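Notes follow the structure.
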Amino acid sequence: MADSEKTETYSRAMVIMAHPDDAEWTCAATVAKLCAQGWEVVFVLCTDGSKGSDDPQMTGQKLAQIRESEQRESARILGLKDVIFLGYPDSYLEPTLQLRKDLARQIRRFRPHVVITEPPTRDINSRYYGSHPDHLATGEAALAAVFPTARDRLTFPELLDEGLQPHKVREVWIVGGLDGSDYFVDVDGHLDTAITALKAHKSQVNPQDADQYFPQGRAQTAAKVGLKYAEAFKTIKYY
């Protein structure tokens, strides 16, 4: 299904990812398009990104600060409403009840119509992205937070004491390519913004890779549905 075929009107989205730069690599062009259309989009990053460096002089604390700064700059470029850092240690993430509760808190707070997140299942054909345990944990916890945790009044009733009423997310869009994808967003016209946002993650991203592989991947995806550039998602509709 192409995005032009959608009939319901949404205006708020939340992107839940494991690390700073995960969203930029997977769905930045879609986010750029949504923001350009007036959506309120929030990023929620589960970990602090404190492990992603080969530099023997780098510390986890310093790297976490660098990556937060890079993510905030990317958010400014994309036009996000807010970025939330949950601060779990990088590479140690598990789909715990505490993580589920923390995500449900943000869902109730921002009340998105759409949540974009990572696949909860391992992709053995992927060398990197689909095999990172933090990505898998994020996808599992996010789906559990959407349904039923954020919806149910009696789950984590202490959230009610924080003034956070239950919220029903309408759809989840799972990133990850063509396998099982049923929703393709035409992102032609939004690649420059997305690539600039990706390049903001200077500690992680080679600018030449961003210029080459980012549009290349979107072109390959788009060719399957007769578009120039597209990003693909597997959707789950709840209500």
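Identifiers in the structure tokens: chain A, B, ... in order shown; residue index from 1 per chain; ligand index from 1 in order shown.
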Per-residue nearest contacts region 74-182 of chain A to region 194-197 of chain A, cut-off 12 Å, using only C-alpha atoms, as a Markdown table:
```
| residue | atom | partner | partner_atom | distance |
| --- | --- | --- | --- | --- |
| A:Ser74 | CA | A:Ala197 | CA | 4.5 |
| A:Ala75 | CA | A:Ala197 | CA | 7.4 |
| A:Arg76 | CA | A:Ala197 | CA | 8.4 |
| A:Ile77 | CA | A:Ala197 | CA | 5.8 |
| A:Leu78 | CA | A:Ala197 | CA | 6.5 |
| A:Gly79 | CA | A:Ala197 | CA | 10.0 |
| A:Leu80 | CA | A:Ala197 | CA | 11.2 |
```
Checklist line | Contacts of region 112-123 of chain A within 10 Å, only C-alpha atoms, excl. fewer than 3 positions in-chain, as a PyMOL selection string | finding: chain A and resi 9-18+22-23+26-27+31+40-44+95+106-109+126-143+146+167-176+233-237
Next item on the list: Would you please give, as an MDAnalysis selection string, all residues of region 21-230 of chain A that DSSP assigns to alpha helix (DSSP H) based on the backbone?
Entry: chainID A and resid 22:36 60:78 97:110 133:144 158:161 191:199 207:223
Notebook entry, point to check: A:Trp25, A:Ala230, A:Gln65, A:Leu103: which is nearest Leu45 (chain A), counting only C-alpha atoms?
Noted result: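 Using only C-alpha atoms, Leu45 (chain A) sits closest to A:Leu103.
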Note to self: Could you check the closest approach to Thr221 (chain A) for each of A:Tyr239, A:Phe110, A:Phe147, A:Phe184 and tell me which residue wins, using only C-alpha atoms?
What the structure shows: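 Closest candidate: A:Phe184.
For the choices A:Glu70, A:Glu162, A:Asp54, A:Asp48, the atom-to-atom distance to Leu93 (chain A) is smallest for A:Asp48 when using only C-alpha atoms.
For the residues A:Tyr238, A:Cys46, A:Asp182, A:Asp152, ranking by smallest atom-to-atom distance to Thr96 (chain A) using only C-alpha atoms places A:Cys46 first.
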Check: For Gln37 (chain A), which residue among A:His190, A:Leu164, A:Gly217, A:Glu231 is the nearest when counting only C-alpha atoms?
Finding: A:His190
Check: Rounded to one decimal in Å, what is the spacing between CA of Gln216 (chain A) and CA of Glu68 (chain A)?
Finding: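 Between CA of Gln216 (chain A) and CA of Glu68 (chain A) the gap is 27.3 Å.
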Next item on the list: Write out as a PyMOL selection string all residues of region 132-239 of chain A that DSSP puts in strand (DSSP E) for this structure's backbone.
Entry: chain A and resi 171-174+183-186+230-237
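For the pair CA of Ala29 (chain A) and CA of Ala210 (chain A), the interatomic distance is 12.4 Å.
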Item checked: Pairwise distance for CA of Thr149 (chain A) and CA of Gln98 (chain A), rounded to one decimal in Å ->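 These atoms are spaced 11.6 Å apart.
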Item checked: Counting only C-alpha atoms, the option among A:Gly52, A:Gly38, A:Gly189, A:Gly60 closest to Ser203 (chain A) ->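 Counting only C-alpha atoms, the residue closest to Ser203 (chain A) is A:Gly52.
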